[in-house]
>>> print(open('query_31.pdb').read())   # PDB, C-alpha atoms, pLDDT in the B column
ATOM      1  CA  MET A   1     -78.257 -45.225 -42.053  1.00 51.00           C
ATOM      2  CA  ALA A   2     -74.638 -44.848 -40.913  1.00 56.00           C
ATOM      3  CA  SER A   3     -75.615 -44.631 -37.246  1.00 60.00           C
ATOM      4  CA  THR A   4     -76.981 -48.187 -37.272  1.00 69.00           C
ATOM      5  CA  THR A   5     -73.866 -49.412 -39.098  1.00 81.00           C
ATOM      6  CA  CYS A   6     -71.472 -47.678 -36.689  1.00 87.00           C
ATOM      7  CA  ALA A   7     -73.437 -48.304 -33.489  1.00 89.00           C
ATOM      8  CA  PRO A   8     -71.998 -51.803 -32.824  1.00 91.00           C
ATOM      9  CA  LEU A   9     -68.453 -50.414 -33.178  1.00 92.00           C
ATOM     10  CA  CYS A  10     -69.257 -47.621 -30.720  1.00 92.00           C
ATOM     11  CA  GLU A  11     -70.877 -50.035 -28.258  1.00 94.00           C
ATOM     12  CA  THR A  12     -67.814 -52.313 -28.432  1.00 94.00           C
ATOM     13  CA  ALA A  13     -65.422 -49.402 -27.877  1.00 93.00           C
ATOM     14  CA  VAL A  14     -67.274 -48.434 -24.689  1.00 94.00           C
ATOM     15  CA  ALA A  15     -67.738 -52.042 -23.497  1.00 95.00           C
ATOM     16  CA  GLU A  16     -64.028 -52.841 -24.001  1.00 95.00           C
ATOM     17  CA  GLN A  17     -63.099 -49.579 -22.254  1.00 92.00           C
ATOM     18  CA  VAL A  18     -61.311 -48.153 -25.290  1.00 91.00           C
ATOM     19  CA  VAL A  19     -63.175 -44.932 -24.450  1.00 89.00           C
ATOM     20  CA  PRO A  20     -65.455 -44.143 -21.499  1.00 91.00           C
ATOM     21  CA  ALA A  21     -67.974 -42.360 -23.716  1.00 93.00           C
ATOM     22  CA  LEU A  22     -68.550 -40.971 -27.173  1.00 92.00           C
ATOM     23  CA  VAL A  23     -71.201 -39.317 -29.262  1.00 91.00           C
ATOM     24  CA  LEU A  24     -71.800 -40.553 -32.794  1.00 91.00           C
ATOM     25  CA  LEU A  25     -72.943 -37.785 -35.100  1.00 88.00           C
ATOM     26  CA  CYS A  26     -74.069 -38.544 -38.641  1.00 87.00           C
ATOM     27  CA  ALA A  27     -74.479 -35.766 -41.189  1.00 86.00           C
ATOM     28  CA  ALA A  28     -75.269 -35.555 -44.877  1.00 86.00           C
ATOM     29  CA  GLY A  29     -75.160 -32.506 -47.085  1.00 86.00           C
ATOM     30  CA  GLY A  30     -74.178 -30.330 -44.151  1.00 84.00           C
ATOM     31  CA  ALA A  31     -77.254 -31.303 -42.146  1.00 87.00           C
ATOM     32  CA  ARG A  32     -77.238 -33.414 -38.994  1.00 86.00           C
ATOM     33  CA  CYS A  33     -79.119 -36.681 -39.547  1.00 87.00           C
ATOM     34  CA  SER A  34     -78.711 -38.219 -36.114  1.00 87.00           C
ATOM     35  CA  THR A  35     -76.788 -37.938 -32.861  1.00 90.00           C
ATOM     36  CA  ARG A  36     -76.410 -40.893 -30.507  1.00 92.00           C
ATOM     37  CA  PRO A  37     -74.471 -41.003 -27.217  1.00 94.00           C
ATOM     38  CA  PHE A  38     -72.691 -44.088 -25.850  1.00 95.00           C
ATOM     39  CA  GLY A  39     -71.166 -44.712 -22.411  1.00 94.00           C
ATOM     40  CA  SER A  40     -70.779 -42.497 -19.361  1.00 93.00           C
ATOM     41  CA  ARG A  41     -69.526 -38.927 -19.387  1.00 91.00           C
ATOM     42  CA  GLN A  42     -68.830 -39.097 -15.659  1.00 89.00           C
ATOM     43  CA  ILE A  43     -68.017 -42.054 -13.427  1.00 85.00           C
ATOM     44  CA  ASN A  44     -67.372 -40.438 -10.012  1.00 88.00           C
ATOM     45  CA  PRO A  45     -68.877 -39.392  -7.683  1.00 91.00           C
ATOM     46  CA  ARG A  46     -71.855 -40.832  -9.581  1.00 92.00           C
ATOM     47  CA  ARG A  47     -72.288 -42.244 -13.044  1.00 91.00           C
ATOM     48  CA  LEU A  48     -73.802 -39.888 -15.592  1.00 93.00           C
ATOM     49  CA  ARG A  49     -74.697 -41.190 -19.023  1.00 94.00           C
ATOM     50  CA  ALA A  50     -73.346 -39.403 -22.068  1.00 93.00           C
ATOM     51  CA  ALA A  51     -75.836 -37.091 -23.747  1.00 93.00           C
ATOM     52  CA  PRO A  52     -76.077 -35.893 -27.343  1.00 91.00           C
ATOM     53  CA  ASP A  53     -74.785 -32.481 -26.234  1.00 90.00           C
ATOM     54  CA  THR A  54     -71.928 -33.762 -24.019  1.00 89.00           C
ATOM     55  CA  VAL A  55     -68.804 -31.645 -24.503  1.00 86.00           C
ATOM     56  CA  TYR A  56     -65.508 -33.567 -24.435  1.00 81.00           C
ATOM     57  CA  ASP A  57     -62.130 -32.049 -23.624  1.00 76.00           C
ATOM     58  CA  VAL A  58     -59.850 -33.211 -26.419  1.00 73.00           C
ATOM     59  CA  ALA A  59     -57.296 -30.394 -26.116  1.00 72.00           C
ATOM     60  CA  SER A  60     -54.508 -32.788 -25.164  1.00 77.00           C
ATOM     61  CA  LEU A  61     -55.271 -35.012 -28.139  1.00 79.00           C
ATOM     62  CA  THR A  62     -55.543 -32.322 -30.788  1.00 81.00           C
ATOM     63  CA  LYS A  63     -51.808 -31.821 -31.336  1.00 84.00           C
ATOM     64  CA  ALA A  64     -51.092 -35.544 -31.542  1.00 85.00           C
ATOM     65  CA  VAL A  65     -54.014 -36.320 -33.845  1.00 84.00           C
ATOM     66  CA  ILE A  66     -53.375 -33.457 -36.249  1.00 87.00           C
ATOM     67  CA  THR A  67     -49.606 -34.013 -36.298  1.00 88.00           C
ATOM     68  CA  SER A  68     -49.952 -37.732 -36.988  1.00 89.00           C
ATOM     69  CA  VAL A  69     -52.539 -37.238 -39.752  1.00 90.00           C
ATOM     70  CA  VAL A  70     -50.503 -34.529 -41.493  1.00 92.00           C
ATOM     71  CA  THR A  71     -47.303 -36.577 -41.128  1.00 92.00           C
ATOM     72  CA  MET A  72     -48.941 -39.619 -42.704  1.00 93.00           C
ATOM     73  CA  GLN A  73     -50.213 -37.439 -45.576  1.00 94.00           C
ATOM     74  CA  LEU A  74     -46.618 -36.306 -46.140  1.00 94.00           C
ATOM     75  CA  VAL A  75     -45.457 -39.934 -46.018  1.00 93.00           C
ATOM     76  CA  ASP A  76     -48.131 -40.835 -48.573  1.00 95.00           C
ATOM     77  CA  ARG A  77     -46.851 -38.063 -50.864  1.00 95.00           C
ATOM     78  CA  GLY A  78     -43.258 -39.260 -50.446  1.00 94.00           C
ATOM     79  CA  THR A  79     -42.187 -35.989 -48.838  1.00 93.00           C
ATOM     80  CA  VAL A  80     -41.255 -37.542 -45.477  1.00 91.00           C
ATOM     81  CA  SER A  81     -40.061 -40.989 -44.443  1.00 93.00           C
ATOM     82  CA  LEU A  82     -41.013 -42.583 -41.138  1.00 92.00           C
ATOM     83  CA  ASP A  83     -37.447 -43.898 -40.940  1.00 93.00           C
ATOM     84  CA  GLU A  84     -35.980 -40.396 -41.215  1.00 91.00           C
ATOM     85  CA  PRO A  85     -34.621 -38.936 -37.948  1.00 88.00           C
ATOM     86  CA  VAL A  86     -36.644 -35.974 -36.667  1.00 87.00           C
ATOM     87  CA  ALA A  87     -33.411 -33.948 -36.448  1.00 87.00           C
ATOM     88  CA  ALA A  88     -33.112 -34.188 -40.244  1.00 88.00           C
ATOM     89  CA  ARG A  89     -36.161 -31.886 -40.479  1.00 86.00           C
ATOM     90  CA  LEU A  90     -35.869 -29.965 -37.213  1.00 88.00           C
ATOM     91  CA  ALA A  91     -32.245 -28.964 -36.713  1.00 85.00           C
ATOM     92  CA  ASP A  92     -32.815 -27.877 -33.092  1.00 88.00           C
ATOM     93  CA  PHE A  93     -34.413 -31.188 -32.097  1.00 85.00           C
ATOM     94  CA  ARG A  94     -32.313 -33.061 -29.545  1.00 82.00           C
ATOM     95  CA  VAL A  95     -33.033 -36.290 -27.731  1.00 80.00           C
ATOM     96  CA  PRO A  96     -32.187 -35.748 -24.053  1.00 78.00           C
ATOM     97  CA  THR A  97     -29.522 -38.036 -22.693  1.00 77.00           C
ATOM     98  CA  ARG A  98     -30.184 -39.836 -19.444  1.00 73.00           C
ATOM     99  CA  SER A  99     -27.859 -39.312 -16.552  1.00 69.00           C
ATOM    100  CA  ARG A 100     -27.107 -42.406 -14.556  1.00 62.00           C
TER
END
>>> encode(input="query_31.pdb", output="structure tokens")
Amino acid sequence: MASTTCAPLCETAVAEQVVPALVLLCAAGGARCSTRPFGSRQINPRRLRAAPDTVYDVASLTKAVITSVVTMQLVDRGTVSLDEPVAARLADFRVPTRSR
């Protein structure tokens, strides 16, 4: 099962502090096969282990994750180049200049 294959990767991610906690969910054919938590969902004031139903706030990550995935799909299609300046696609984009 995928959960036993992925479990060591999840354990390493928590042990190496890549993430404080995560929940591995495996599904097949639209049905949940297994759910396994790793790490701690709360550290202070006391440590609480992650649970299968732990809700994670990923709002700040959503824009970056979606934008990077879609951008790389466009790169793969040859529509966009990573070497292309952002201003070439977004005319109003300006890099702020630093005042010294």
>>> resolve_selection(input="query_31.pdb", expression="the PyMOL selection byres ((chain A and resi 25) around 12)", output="PyMOL selection string")
chain A and resi 1-4+6-7+10+22-24+26-28+30-38+51-54
>>> atom_distance(input="query_31.pdb", atom1="atom CA of Thr5 of chain A", atom2="atom CA of Val55 of chain A")
23.5 Å
>>> atom_distance(input="query_31.pdb", atom1="atom CA of Asp57 of chain A", atom2="atom CA of Gly29 of chain A")
26.8 Å
>>> closest_residue(input="query_31.pdb", among="A:Ala21, A:Ala87, A:Val95, A:Ala13", to="Ala50 of chain A", atoms="only C-alpha atoms")
A:Ala21
>>> atom_distance(input="query_31.pdb", atom1="atom CA of Thr97 of chain A", atom2="atom CA of Ala64 of chain A")
23.4 Å
>>> residues_around(input="query_31.pdb", residues="Val18 of chain A", least_positions_apart="6", cutoff="12 Å", atoms="all atoms listed in the file", output="list in words")
Leu9, Cys10, Glu11, Thr12 and Gly39 of chain A
>>> write_last_selection(input="query_31.pdb", atoms="C-alpha atoms", output="mmCIF file, in the frame of the given file")
data_model
loop_
_atom_site.group_PDB
_atom_site.id
_atom_site.type_symbol
_atom_site.label_atom_id
_atom_site.label_comp_id
_atom_site.auth_asym_id
_atom_site.auth_seq_id
_atom_site.Cartn_x
_atom_site.Cartn_y
_atom_site.Cartn_z
ATOM 1 C CA LEU A 9 -68.453 -50.414 -33.178
ATOM 2 C CA CYS A 10 -69.257 -47.621 -30.720
ATOM 3 C CA GLU A 11 -70.877 -50.035 -28.258
ATOM 4 C CA THR A 12 -67.814 -52.313 -28.432
ATOM 5 C CA GLY A 39 -71.166 -44.712 -22.411
#
>>> decode(input="query_31.pdb", residues="segment 47-87 of chain A", atoms="C-alpha atoms", output="JSON list (two decimals), in the first residue's frame")
[["chain", "number", "residue", "atom", "x", "y", "z"],
["A", 47, "ARG", "CA", 2.68, 19.48, 22.35],
["A", 48, "LEU", "CA", -0.33, 17.99, 20.61],
["A", 49, "ARG", "CA", 0.15, 15.17, 18.14],
["A", 50, "ALA", "CA", -1.31, 15.50, 14.67],
["A", 51, "ALA", "CA", -4.56, 13.62, 14.17],
["A", 52, "PRO", "CA", -6.15, 12.21, 11.02],
["A", 53, "ASP", "CA", -8.67, 15.07, 11.07],
["A", 54, "THR", "CA", -6.17, 17.89, 11.78],
["A", 55, "VAL", "CA", -6.98, 20.96, 9.69],
["A", 56, "TYR", "CA", -3.96, 22.87, 8.37],
["A", 57, "ASP", "CA", -3.98, 26.52, 7.34],
["A", 58, "VAL", "CA", -2.35, 26.58, 3.92],
["A", 59, "ALA", "CA", -3.94, 29.84, 2.73],
["A", 60, "SER", "CA", -0.58, 31.58, 2.46],
["A", 61, "LEU", "CA", 0.85, 28.73, 0.42],
["A", 62, "THR", "CA", -2.01, 28.30, -2.02],
["A", 63, "LYS", "CA", -1.11, 31.21, -4.31],
["A", 64, "ALA", "CA", 2.56, 30.26, -4.49],
["A", 65, "VAL", "CA", 1.91, 26.55, -5.06],
["A", 66, "ILE", "CA", -0.74, 27.04, -7.73],
["A", 67, "THR", "CA", 1.20, 29.80, -9.50],
["A", 68, "SER", "CA", 4.41, 27.77, -9.60],
["A", 69, "VAL", "CA", 2.67, 24.61, -10.85],
["A", 70, "VAL", "CA", 0.77, 26.45, -13.59],
["A", 71, "THR", "CA", 3.90, 28.38, -14.59],
["A", 72, "MET", "CA", 5.90, 25.17, -14.92],
["A", 73, "GLN", "CA", 3.11, 23.66, -17.04],
["A", 74, "LEU", "CA", 3.37, 26.69, -19.33],
["A", 75, "VAL", "CA", 7.15, 26.27, -19.44],
["A", 76, "ASP", "CA", 6.69, 22.60, -20.34],
["A", 77, "ARG", "CA", 4.38, 23.61, -23.21],
["A", 78, "GLY", "CA", 6.89, 26.21, -24.43],
["A", 79, "THR", "CA", 4.46, 29.07, -23.82],
["A", 80, "VAL", "CA", 6.61, 30.79, -21.17],
["A", 81, "SER", "CA", 10.34, 30.90, -20.51],
["A", 82, "LEU", "CA", 11.81, 31.08, -17.02],
["A", 83, "ASP", "CA", 14.39, 33.50, -18.41],
["A", 84, "GLU", "CA", 11.70, 35.89, -19.66],
["A", 85, "PRO", "CA", 11.23, 39.06, -17.57],
["A", 86, "VAL", "CA", 7.88, 39.19, -15.77],
["A", 87, "ALA", "CA", 7.27, 42.64, -17.28]]
